[in-house]
$ cat final.txt   # compact mmCIF, C-alpha atoms and all ligand atoms
# COMPACT_ATOMS: atom_id res chain seq x y z
CA MET A 1 0.00 0.00 0.00
CA ARG A 2 2.41 2.69 -1.21
CA PHE A 3 -0.21 5.47 -0.99
CA LYS A 4 -1.96 4.68 2.28
CA ASP A 5 -3.37 7.90 3.87
CA ARG A 6 -2.31 9.99 0.86
CA VAL A 7 -4.68 12.15 -1.16
CA ALA A 8 -4.38 12.56 -4.93
CA LEU A 9 -6.09 14.93 -7.34
CA VAL A 10 -6.05 13.71 -10.96
CA THR A 11 -7.21 16.06 -13.72
CA GLY A 12 -8.66 14.43 -16.80
CA GLY A 13 -9.40 11.65 -14.31
CA ALA A 14 -12.48 10.51 -16.22
CA GLY A 15 -10.40 9.79 -19.35
CA GLY A 16 -8.22 6.87 -20.45
CA ILE A 17 -4.83 7.48 -18.79
CA GLY A 18 -6.31 9.54 -15.94
CA GLY A 19 -8.89 6.85 -15.18
CA CYS A 20 -6.23 4.11 -15.05
CA THR A 21 -4.11 6.35 -12.80
CA CYS A 22 -7.01 6.83 -10.38
CA ARG A 23 -7.66 3.06 -10.24
CA LEU A 24 -3.98 2.20 -9.67
CA LEU A 25 -3.51 4.87 -6.97
CA ALA A 26 -6.74 3.84 -5.23
CA ALA A 27 -5.71 0.17 -5.31
CA GLU A 28 -2.63 1.15 -3.32
CA GLY A 29 -4.56 3.08 -0.69
CA ALA A 30 -4.79 6.67 -2.02
CA ARG A 31 -7.96 8.70 -1.58
CA ILE A 32 -8.80 10.25 -4.94
CA ALA A 33 -10.31 13.47 -6.27
CA ILE A 34 -11.23 12.77 -9.90
CA ALA A 35 -11.37 16.14 -11.68
CA ASP A 36 -12.79 16.42 -15.18
CA LEU A 37 -15.41 18.01 -17.42
CA PHE A 38 -17.18 14.67 -17.97
CA ALA A 39 -19.38 14.27 -14.89
CA ASP A 40 -21.06 10.99 -15.88
CA ASP A 41 -17.77 9.11 -16.42
CA GLY A 42 -16.13 10.77 -13.41
CA GLU A 43 -19.02 9.98 -11.02
CA ALA A 44 -19.13 6.39 -12.32
CA LEU A 45 -15.40 5.93 -11.68
CA ALA A 46 -15.67 7.43 -8.19
CA GLN A 47 -18.51 4.99 -7.44
CA GLU A 48 -16.45 2.07 -8.86
CA ILE A 49 -13.55 2.96 -6.51
CA ARG A 50 -15.87 3.30 -3.50
CA ASP A 51 -17.46 -0.06 -4.37
CA SER A 52 -13.96 -1.61 -4.17
CA ASP A 53 -13.51 -0.24 -0.62
CA GLY A 54 -11.57 2.81 -1.80
CA ASP A 55 -12.38 6.48 -1.27
CA ALA A 56 -13.00 8.79 -4.22
CA ILE A 57 -15.06 11.82 -5.22
CA PHE A 58 -15.71 13.48 -8.54
CA ILE A 59 -15.05 17.23 -8.87
CA SER A 60 -16.29 19.14 -11.89
CA LEU A 61 -13.28 21.16 -13.07
CA ASP A 62 -12.36 23.05 -16.21
CA VAL A 63 -8.56 23.26 -15.85
CA THR A 64 -8.46 26.53 -17.82
CA ASP A 65 -10.54 28.34 -15.17
CA GLU A 66 -8.48 29.70 -12.26
CA HIS A 67 -11.58 30.24 -10.06
CA ALA A 68 -12.70 26.67 -10.67
CA TRP A 69 -9.25 25.54 -9.45
CA GLU A 70 -9.74 27.46 -6.19
CA SER A 71 -13.11 25.87 -5.63
CA ALA A 72 -11.72 22.38 -6.51
CA MET A 73 -8.98 22.85 -3.91
CA GLU A 74 -11.59 23.98 -1.33
CA THR A 75 -13.49 20.75 -1.98
CA VAL A 76 -10.31 18.67 -1.53
CA ARG A 77 -9.49 20.45 1.74
CA SER A 78 -12.98 20.08 3.20
CA ARG A 79 -13.43 16.43 2.09
CA PHE A 80 -9.90 15.06 2.65
CA GLY A 81 -8.07 17.69 4.75
CA ARG A 82 -4.87 17.52 2.72
CA LEU A 83 -3.31 17.03 -0.74
CA ASP A 84 -0.21 14.89 -1.37
CA ILE A 85 -0.27 14.19 -5.11
CA LEU A 86 -1.35 16.34 -8.07
CA VAL A 87 -1.50 14.72 -11.51
CA ASN A 88 -1.96 17.39 -14.21
CA ASN A 89 -3.19 15.03 -16.90
CA ALA A 90 -6.17 16.76 -18.59
CA GLY A 91 -5.55 17.43 -22.24
CA ILE A 92 -6.79 17.51 -25.80
CA SER A 93 -5.12 15.84 -28.77
CA GLY A 94 -2.85 17.31 -31.44
CA ALA A 95 -3.85 14.61 -33.95
CA VAL A 96 -6.45 16.73 -35.76
CA PRO A 97 -7.03 17.23 -39.51
CA ASP A 98 -6.48 21.03 -39.70
CA LYS A 99 -2.95 21.56 -38.42
CA MET A 100 -3.10 25.34 -39.03
CA ASP A 101 -6.32 26.02 -37.10
CA LEU A 102 -5.57 29.10 -34.94
CA GLU A 103 -8.55 28.70 -32.64
CA TYR A 104 -7.40 25.16 -31.91
CA PHE A 105 -3.84 26.41 -31.23
CA ASP A 106 -5.26 28.67 -28.50
CA LYS A 107 -7.33 25.82 -27.08
CA LEU A 108 -4.31 23.49 -27.01
CA TRP A 109 -2.35 26.04 -25.04
CA ALA A 110 -5.24 26.90 -22.70
CA ILE A 111 -5.94 23.30 -21.68
CA ASN A 112 -2.61 21.48 -22.05
CA GLY A 113 -0.27 24.35 -21.11
CA ARG A 114 -2.02 26.99 -19.01
CA GLY A 115 -4.18 24.36 -17.30
CA THR A 116 -1.02 22.64 -16.02
CA PHE A 117 0.37 25.94 -14.69
CA LEU A 118 -2.93 26.77 -12.96
CA GLY A 119 -2.93 23.36 -11.30
CA MET A 120 0.58 23.76 -9.92
CA ARG A 121 -0.27 27.30 -8.77
CA ALA A 122 -3.48 26.25 -7.00
CA ALA A 123 -2.01 23.17 -5.26
CA ARG A 124 1.50 24.33 -4.37
CA LYS A 125 0.82 25.47 -0.77
CA ASP A 126 -1.27 22.41 0.11
CA LEU A 127 1.41 20.08 -1.24
CA ALA A 128 4.06 21.93 0.77
CA THR A 129 1.95 21.70 3.93
CA SER A 130 1.57 17.93 3.52
CA GLY A 131 5.34 17.56 3.24
CA GLY A 132 6.75 15.26 0.57
CA GLY A 133 4.26 16.50 -2.05
CA VAL A 134 4.41 15.25 -5.62
CA ILE A 135 3.34 16.72 -8.96
CA VAL A 136 3.28 14.65 -12.14
CA ASN A 137 2.65 16.65 -15.30
CA MET A 138 1.47 14.92 -18.45
CA SER A 139 3.55 15.92 -21.43
CA SER A 140 4.10 13.71 -24.50
CA VAL A 141 6.89 12.59 -26.81
CA ALA A 142 5.44 15.47 -28.87
CA GLY A 143 6.99 17.74 -26.24
CA ILE A 144 10.42 16.43 -27.26
CA VAL A 145 10.21 15.54 -30.96
CA ALA A 146 7.97 16.65 -33.87
CA HIS A 147 5.61 14.50 -35.97
CA GLU A 148 4.20 15.07 -39.45
CA VAL A 149 0.62 14.50 -38.24
CA THR A 150 0.62 16.65 -35.11
CA HIS A 151 -0.72 20.22 -34.75
CA MET A 152 2.32 22.29 -33.75
CA GLY A 153 0.25 23.89 -30.99
CA TYR A 154 0.29 20.49 -29.29
CA ASN A 155 4.10 20.37 -29.59
CA ALA A 156 4.31 23.91 -28.19
CA ALA A 157 2.03 23.16 -25.24
CA LYS A 158 3.64 19.81 -24.38
CA ALA A 159 7.18 21.25 -24.71
CA GLY A 160 5.98 24.04 -22.42
CA VAL A 161 4.77 21.47 -19.90
CA ARG A 162 8.14 19.71 -20.12
CA LEU A 163 10.09 22.86 -19.23
CA MET A 164 7.56 24.25 -16.72
CA THR A 165 8.01 20.93 -14.93
CA LYS A 166 11.74 21.51 -14.62
CA SER A 167 11.16 25.12 -13.43
CA ALA A 168 8.70 23.92 -10.81
CA ALA A 169 11.09 21.15 -9.73
CA ILE A 170 13.80 23.63 -8.84
CA GLN A 171 11.43 26.28 -7.47
CA PHE A 172 9.41 23.86 -5.28
CA ALA A 173 12.34 21.69 -4.09
CA HIS A 174 12.68 23.66 -0.87
CA ASP A 175 8.97 22.95 -0.16
CA GLY A 176 9.85 19.25 -0.29
CA THR A 177 7.73 18.84 -3.43
CA ARG A 178 8.97 16.73 -6.36
CA VAL A 179 7.83 17.59 -9.91
CA ASN A 180 8.32 15.33 -12.97
CA SER A 181 6.82 14.86 -16.42
CA VAL A 182 5.62 11.78 -18.29
CA HIS A 183 5.95 11.53 -22.09
CA PRO A 184 3.78 8.86 -23.72
CA GLY A 185 4.01 7.97 -27.41
CA TRP A 186 1.07 6.52 -29.38
CA MET A 187 -1.10 5.08 -26.62
CA THR A 188 -4.80 4.15 -26.57
CA PRO A 189 -6.20 7.11 -28.58
CA MET A 190 -7.60 10.15 -26.76
CA ARG A 191 -11.28 11.15 -26.95
CA THR A 192 -10.20 14.08 -29.15
CA SER A 193 -7.77 12.18 -31.44
CA VAL A 194 -8.91 12.12 -35.06
CA VAL A 195 -5.89 11.19 -37.17
CA SER A 196 -4.27 8.70 -34.79
CA SER A 197 -7.52 6.82 -34.20
CA ASP A 198 -8.10 6.15 -37.92
CA THR A 199 -7.01 2.50 -38.33
CA ARG A 200 -5.00 2.93 -41.56
CA GLN A 201 -3.25 6.07 -40.37
CA ARG A 202 -2.54 4.44 -37.01
CA ASP A 203 -0.93 1.38 -38.64
CA ARG A 204 1.39 3.73 -40.55
CA LEU A 205 2.30 5.64 -37.37
CA LEU A 206 3.05 2.42 -35.49
CA GLU A 207 5.33 1.11 -38.29
CA VAL A 208 8.05 3.51 -37.14
CA VAL A 209 7.78 2.61 -33.45
CA PRO A 210 10.75 0.32 -32.65
CA MET A 211 8.52 -1.94 -30.51
CA ARG A 212 5.99 -2.10 -33.43
CA ARG A 213 2.89 -1.53 -31.31
CA GLY A 214 0.95 1.22 -29.58
CA GLY A 215 1.01 1.56 -25.81
CA THR A 216 -1.95 1.21 -23.47
CA ALA A 217 -3.40 3.83 -21.16
CA GLU A 218 -2.38 1.59 -18.28
CA GLU A 219 1.27 1.54 -19.39
CA ALA A 220 1.30 5.36 -19.22
CA ALA A 221 -0.53 5.34 -15.87
CA LYS A 222 2.07 3.00 -14.35
CA ALA A 223 4.79 5.57 -15.11
CA ILE A 224 2.73 8.29 -13.38
CA VAL A 225 2.20 6.06 -10.35
CA PHE A 226 5.92 5.25 -10.13
CA LEU A 227 6.84 8.97 -10.14
CA ALA A 228 4.13 9.68 -7.55
CA SER A 229 5.47 6.99 -5.22
CA ASP A 230 8.33 7.00 -2.71
CA ASP A 231 10.16 4.64 -5.11
CA ALA A 232 10.98 7.87 -6.97
CA ALA A 233 11.99 9.74 -3.78
CA TYR A 234 15.19 11.24 -5.28
CA ILE A 235 13.70 11.94 -8.74
CA THR A 236 12.66 15.52 -9.53
CA GLY A 237 12.82 17.64 -12.69
CA SER A 238 13.05 14.51 -14.80
CA GLU A 239 11.11 13.30 -17.86
CA LEU A 240 9.96 9.70 -18.19
CA VAL A 241 9.37 8.58 -21.78
CA VAL A 242 6.83 5.75 -22.34
CA ASP A 243 6.86 5.36 -26.13
CA GLY A 244 8.13 1.94 -27.26
CA GLY A 245 11.42 3.55 -28.31
CA MET A 246 9.92 6.12 -30.72
CA SER A 247 11.80 9.17 -29.45
CA ALA A 248 15.10 7.27 -29.36
CA LEU A 249 15.16 7.10 -33.18
N1 LIG A 301 -3.35 8.80 -25.57
C1 LIG A 301 -2.17 9.12 -26.08
O1 LIG A 301 -1.72 8.55 -27.08
C2 LIG A 301 -1.33 10.19 -25.42
C3 LIG A 301 -0.01 10.36 -25.84
C4 LIG A 301 0.78 11.35 -25.26
C5 LIG A 301 0.25 12.16 -24.27
N2 LIG A 301 -1.04 11.99 -23.89
C6 LIG A 301 -1.54 12.91 -22.88
O2 LIG A 301 -2.12 12.18 -21.81
C7 LIG A 301 -3.18 12.93 -21.21
C8 LIG A 301 -4.40 12.04 -21.06
O3 LIG A 301 -4.80 11.61 -22.34
P1 LIG A 301 -5.79 10.36 -22.58
O4 LIG A 301 -5.16 9.49 -23.59
O5 LIG A 301 -6.22 9.80 -21.30
O6 LIG A 301 -7.00 11.14 -23.31
P2 LIG A 301 -8.55 11.19 -22.95
O7 LIG A 301 -9.17 12.01 -24.01
O8 LIG A 301 -9.07 9.80 -22.72
O9 LIG A 301 -8.57 11.95 -21.55
C9 LIG A 301 -8.35 13.32 -21.42
C10 LIG A 301 -9.30 13.83 -20.34
O10 LIG A 301 -9.05 15.23 -20.16
C11 LIG A 301 -10.30 15.84 -19.94
N3 LIG A 301 -10.26 17.26 -20.26
C12 LIG A 301 -10.11 17.84 -21.49
N4 LIG A 301 -10.20 19.17 -21.38
C13 LIG A 301 -10.38 19.45 -20.06
C14 LIG A 301 -10.54 20.64 -19.32
N5 LIG A 301 -10.53 21.85 -19.92
N6 LIG A 301 -10.70 20.55 -17.99
C15 LIG A 301 -10.73 19.34 -17.37
N7 LIG A 301 -10.60 18.17 -18.02
C16 LIG A 301 -10.43 18.23 -19.35
C17 LIG A 301 -11.26 15.10 -20.86
O11 LIG A 301 -12.60 15.29 -20.46
C18 LIG A 301 -10.76 13.67 -20.75
O12 LIG A 301 -11.48 12.94 -19.76
C19 LIG A 301 -3.35 14.17 -22.07
O13 LIG A 301 -2.70 15.27 -21.48
C20 LIG A 301 -2.67 13.79 -23.38
O14 LIG A 301 -2.22 14.92 -24.10
C21 LIG A 301 -1.84 11.04 -24.43

$ encode --input "final.txt" --output "structure tokens" --more "lines below"
Ligand SMILES: NC(=O)c1ccc[n+]([C@@H]2O[C@H](COP(=O)([O-])OP(=O)(O)OC[C@H]3O[C@@H](n4cnc5c(N)ncnc54)[C@H](O)[C@@H]3O)[C@@H](O)[C@H]2O)c1
Amino acid sequence: MRFKDRVALVTGGAGGIGGCTCRLLAAEGARIAIADLFADDGEALAQEIRDSDGDAIFISLDVTDEHAWESAMETVRSRFGRLDILVNNAGISGAVPDKMDLEYFDKLWAINGRGTFLGMRAARKDLATSGGGVIVNMSSVAGIVAHEVTHMGYNAAKAGVRLMTKSAAIQFAHDGTRVNSVHPGWMTPMRTSVVSSDTRQRDRLLEVVPMRRGGTAEEAAKAIVFLASDDAAYITGSELVVDGGMSAL
């Protein structure tokens, strides 16, 4: 039970990777705040965790809204009394047909980039108070290397998350808070993926992955859980790639 008595807030917790992360953390004793826009899926997951003798609540949160972050943190404080782990995982995909859509560029930054900053800003003091706080930010291999099929706004936002993570790691180290990023490759497609969920396109994308397959949401979630655990006690400011070797090419 690596997370006994710890409290975790997972944004995008009603989605693929976020949902797996909530289940894995709860299975090891964490109490979970599942934060997302999708109330039906989030409430259902919270109920599933409670039915398995865990403790979880759903919080409706738009990560781009700074006031909504304050109210989400108020809910965490009043329900759980503390926060130990923040997983900034909410995001939208870069695998969209119009790679020059300006409105979508702004949306990519608002959710994937600014949303991550707002999360760190809202949770910093609570994590410091708990002592030994942890932040895991969800980047992507697209924050390290470019792809033909990806909107460059996604690269910009995920590269921003990668470097904000390193800034936070050095700025929050004296609070006792560790901050790391996770960089998945082609995993189970996102709700918002268009290009990478088309079967023919996906086969072509996977041909260049050294391991010759896509990853699962659970494989990404396991990397998050490792970084959130005391097994990673001396790891901060680092980036963990989970991509079947794609970015090593
Ligand atoms: N699936 C992949 O192949 C892959 C690869 C690299 C990185 N990632 C990253 O992993 C993270 C999770 O992706 P996933 O595969 O689970 O996708 P997903 O679409 O299943 O989940 C994303 C979740 O984020 C939520 N979300 C979106 N906008 C939000 C907002 N404004 N406020 C709150 N919640 C919001 C969605 O409702 C959804 O539940 C994302 O940041 C994504 O960019 C995914």

$ residues_around --input "final.txt" --residues "A:Gly29" --least-positions-apart "5" --cutoff "12 Å" --atoms "only C-alpha atoms" --output "ChimeraX atom specification"
/A:1-8,22-24,49-50,52-56,229

$ closest_atom_pairs --input "final.txt" --of "chain A" --to "ligand LIG 301 (chain A)" --cutoff "7 Å" --atoms "only C-alpha atoms and all ligand atoms" --output "JSON lines"
{"residue": "A:Thr11", "atom": "CA", "partner": "A:LIG301", "partner_atom": "N7", "distance": 5.9}
{"residue": "A:Gly12", "atom": "CA", "partner": "A:LIG301", "partner_atom": "O10", "distance": 3.5}
{"residue": "A:Gly13", "atom": "CA", "partner": "A:LIG301", "partner_atom": "O12", "distance": 6.0}
{"residue": "A:Ala14", "atom": "CA", "partner": "A:LIG301", "partner_atom": "O12", "distance": 4.4}
{"residue": "A:Gly15", "atom": "CA", "partner": "A:LIG301", "partner_atom": "O12", "distance": 3.4}
{"residue": "A:Gly16", "atom": "CA", "partner": "A:LIG301", "partner_atom": "O5", "distance": 3.6}
{"residue": "A:Ile17", "atom": "CA", "partner": "A:LIG301", "partner_atom": "O5", "distance": 3.7}
{"residue": "A:Gly18", "atom": "CA", "partner": "A:LIG301", "partner_atom": "O5", "distance": 5.4}
{"residue": "A:Ala35", "atom": "CA", "partner": "A:LIG301", "partner_atom": "C15", "distance": 6.6}
{"residue": "A:Asp36", "atom": "CA", "partner": "A:LIG301", "partner_atom": "N7", "distance": 4.0}
{"residue": "A:Leu37", "atom": "CA", "partner": "A:LIG301", "partner_atom": "N7", "distance": 4.8}
{"residue": "A:Phe38", "atom": "CA", "partner": "A:LIG301", "partner_atom": "O11", "distance": 5.2}
{"residue": "A:Leu61", "atom": "CA", "partner": "A:LIG301", "partner_atom": "C15", "distance": 5.3}
{"residue": "A:Asp62", "atom": "CA", "partner": "A:LIG301", "partner_atom": "N6", "distance": 3.5}
{"residue": "A:Val63", "atom": "CA", "partner": "A:LIG301", "partner_atom": "N6", "distance": 4.1}
{"residue": "A:Thr64", "atom": "CA", "partner": "A:LIG301", "partner_atom": "N5", "distance": 5.5}
{"residue": "A:Asn89", "atom": "CA", "partner": "A:LIG301", "partner_atom": "O13", "distance": 4.6}
{"residue": "A:Ala90", "atom": "CA", "partner": "A:LIG301", "partner_atom": "O10", "distance": 3.6}
{"residue": "A:Gly91", "atom": "CA", "partner": "A:LIG301", "partner_atom": "O13", "distance": 3.7}
{"residue": "A:Ile92", "atom": "CA", "partner": "A:LIG301", "partner_atom": "C12", "distance": 5.5}
{"residue": "A:Ser93", "atom": "CA", "partner": "A:LIG301", "partner_atom": "O14", "distance": 5.6}
{"residue": "A:Ile111", "atom": "CA", "partner": "A:LIG301", "partner_atom": "N5", "distance": 5.1}
{"residue": "A:Asn112", "atom": "CA", "partner": "A:LIG301", "partner_atom": "O13", "distance": 6.2}
{"residue": "A:Met138", "atom": "CA", "partner": "A:LIG301", "partner_atom": "O13", "distance": 5.2}
{"residue": "A:Ser139", "atom": "CA", "partner": "A:LIG301", "partner_atom": "C5", "distance": 5.8}
{"residue": "A:Ser140", "atom": "CA", "partner": "A:LIG301", "partner_atom": "C4", "distance": 4.1}
{"residue": "A:Val141", "atom": "CA", "partner": "A:LIG301", "partner_atom": "C4", "distance": 6.4}
{"residue": "A:His183", "atom": "CA", "partner": "A:LIG301", "partner_atom": "C4", "distance": 6.1}
{"residue": "A:Pro184", "atom": "CA", "partner": "A:LIG301", "partner_atom": "C4", "distance": 4.2}
{"residue": "A:Gly185", "atom": "CA", "partner": "A:LIG301", "partner_atom": "C3", "distance": 4.9}
{"residue": "A:Trp186", "atom": "CA", "partner": "A:LIG301", "partner_atom": "O1", "distance": 4.1}
{"residue": "A:Met187", "atom": "CA", "partner": "A:LIG301", "partner_atom": "O1", "distance": 3.6}
{"residue": "A:Thr188", "atom": "CA", "partner": "A:LIG301", "partner_atom": "N1", "distance": 5.0}
{"residue": "A:Pro189", "atom": "CA", "partner": "A:LIG301", "partner_atom": "N1", "distance": 4.5}
{"residue": "A:Met190", "atom": "CA", "partner": "A:LIG301", "partner_atom": "O6", "distance": 3.6}
{"residue": "A:Arg191", "atom": "CA", "partner": "A:LIG301", "partner_atom": "O7", "distance": 3.7}
{"residue": "A:Thr192", "atom": "CA", "partner": "A:LIG301", "partner_atom": "O7", "distance": 5.6}
{"residue": "A:Ala217", "atom": "CA", "partner": "A:LIG301", "partner_atom": "O4", "distance": 6.4}

$ closest_residue --input "final.txt" --among "A:Pro97, A:Ala68, A:Asp51, A:Asp84" --to "A:Asp198" --atoms "all atoms listed in the file"
A:Pro97

$ closest_residue --input "final.txt" --among "A:Thr216, A:Gln171, A:Ser197, A:Ser181" --to "A:Val241" --atoms "only C-alpha atoms"
A:Ser181

$ atom_distance --input "final.txt" --atom1 "atom CA of A:Val209" --atom2 "atom CA of A:Gly244"
6.2 Å

$ atom_distance --input "final.txt" --atom1 "atom CA of A:Met211" --atom2 "atom CA of A:Gly245"
6.6 Å

$ residues_around --input "final.txt" --residues "A:Ser71" --least-positions-apart "2" --cutoff "12 Å" --atoms "all atoms listed in the file" --output "PyMOL selection string"
chain A and resi 35+59-63+65-69+73-78+119+122-123

$ write_last_selection --input "final.txt" --atoms "C-alpha atoms" --output "short mmCIF file (atom, residue, chain, number, x, y, z; two decimals), keeping the file's coordinate frame"
data_model
loop_
_atom_site.label_atom_id
_atom_site.label_comp_id
_atom_site.auth_asym_id
_atom_site.auth_seq_id
_atom_site.Cartn_x
_atom_site.Cartn_y
_atom_site.Cartn_z
CA ALA A 35 -11.37 16.14 -11.68
CA ILE A 59 -15.05 17.23 -8.87
CA SER A 60 -16.29 19.14 -11.89
CA LEU A 61 -13.28 21.16 -13.07
CA ASP A 62 -12.36 23.05 -16.21
CA VAL A 63 -8.56 23.26 -15.85
CA ASP A 65 -10.54 28.34 -15.17
CA GLU A 66 -8.48 29.70 -12.26
CA HIS A 67 -11.58 30.24 -10.06
CA ALA A 68 -12.70 26.67 -10.67
CA TRP A 69 -9.25 25.54 -9.45
CA MET A 73 -8.98 22.85 -3.91
CA GLU A 74 -11.59 23.98 -1.33
CA THR A 75 -13.49 20.75 -1.98
CA VAL A 76 -10.31 18.67 -1.53
CA ARG A 77 -9.49 20.45 1.74
CA SER A 78 -12.98 20.08 3.20
CA GLY A 119 -2.93 23.36 -11.30
CA ALA A 122 -3.48 26.25 -7.00
CA ALA A 123 -2.01 23.17 -5.26
#

$ atom_distance --input "final.txt" --atom1 "atom CA of A:Arg82" --atom2 "atom CA of A:Lys125"
10.4 Å

$ closest_residue --input "final.txt" --among "A:Met100, A:Ala95, A:Leu45, A:Ile135" --to "A:Ala169" --atoms "only C-alpha atoms"
A:Ile135

$ closest_residue --input "final.txt" --among "A:Ala30, A:Phe172, A:Ile235, A:Val10" --to "A:Gly42" --atoms "only C-alpha atoms"
A:Val10
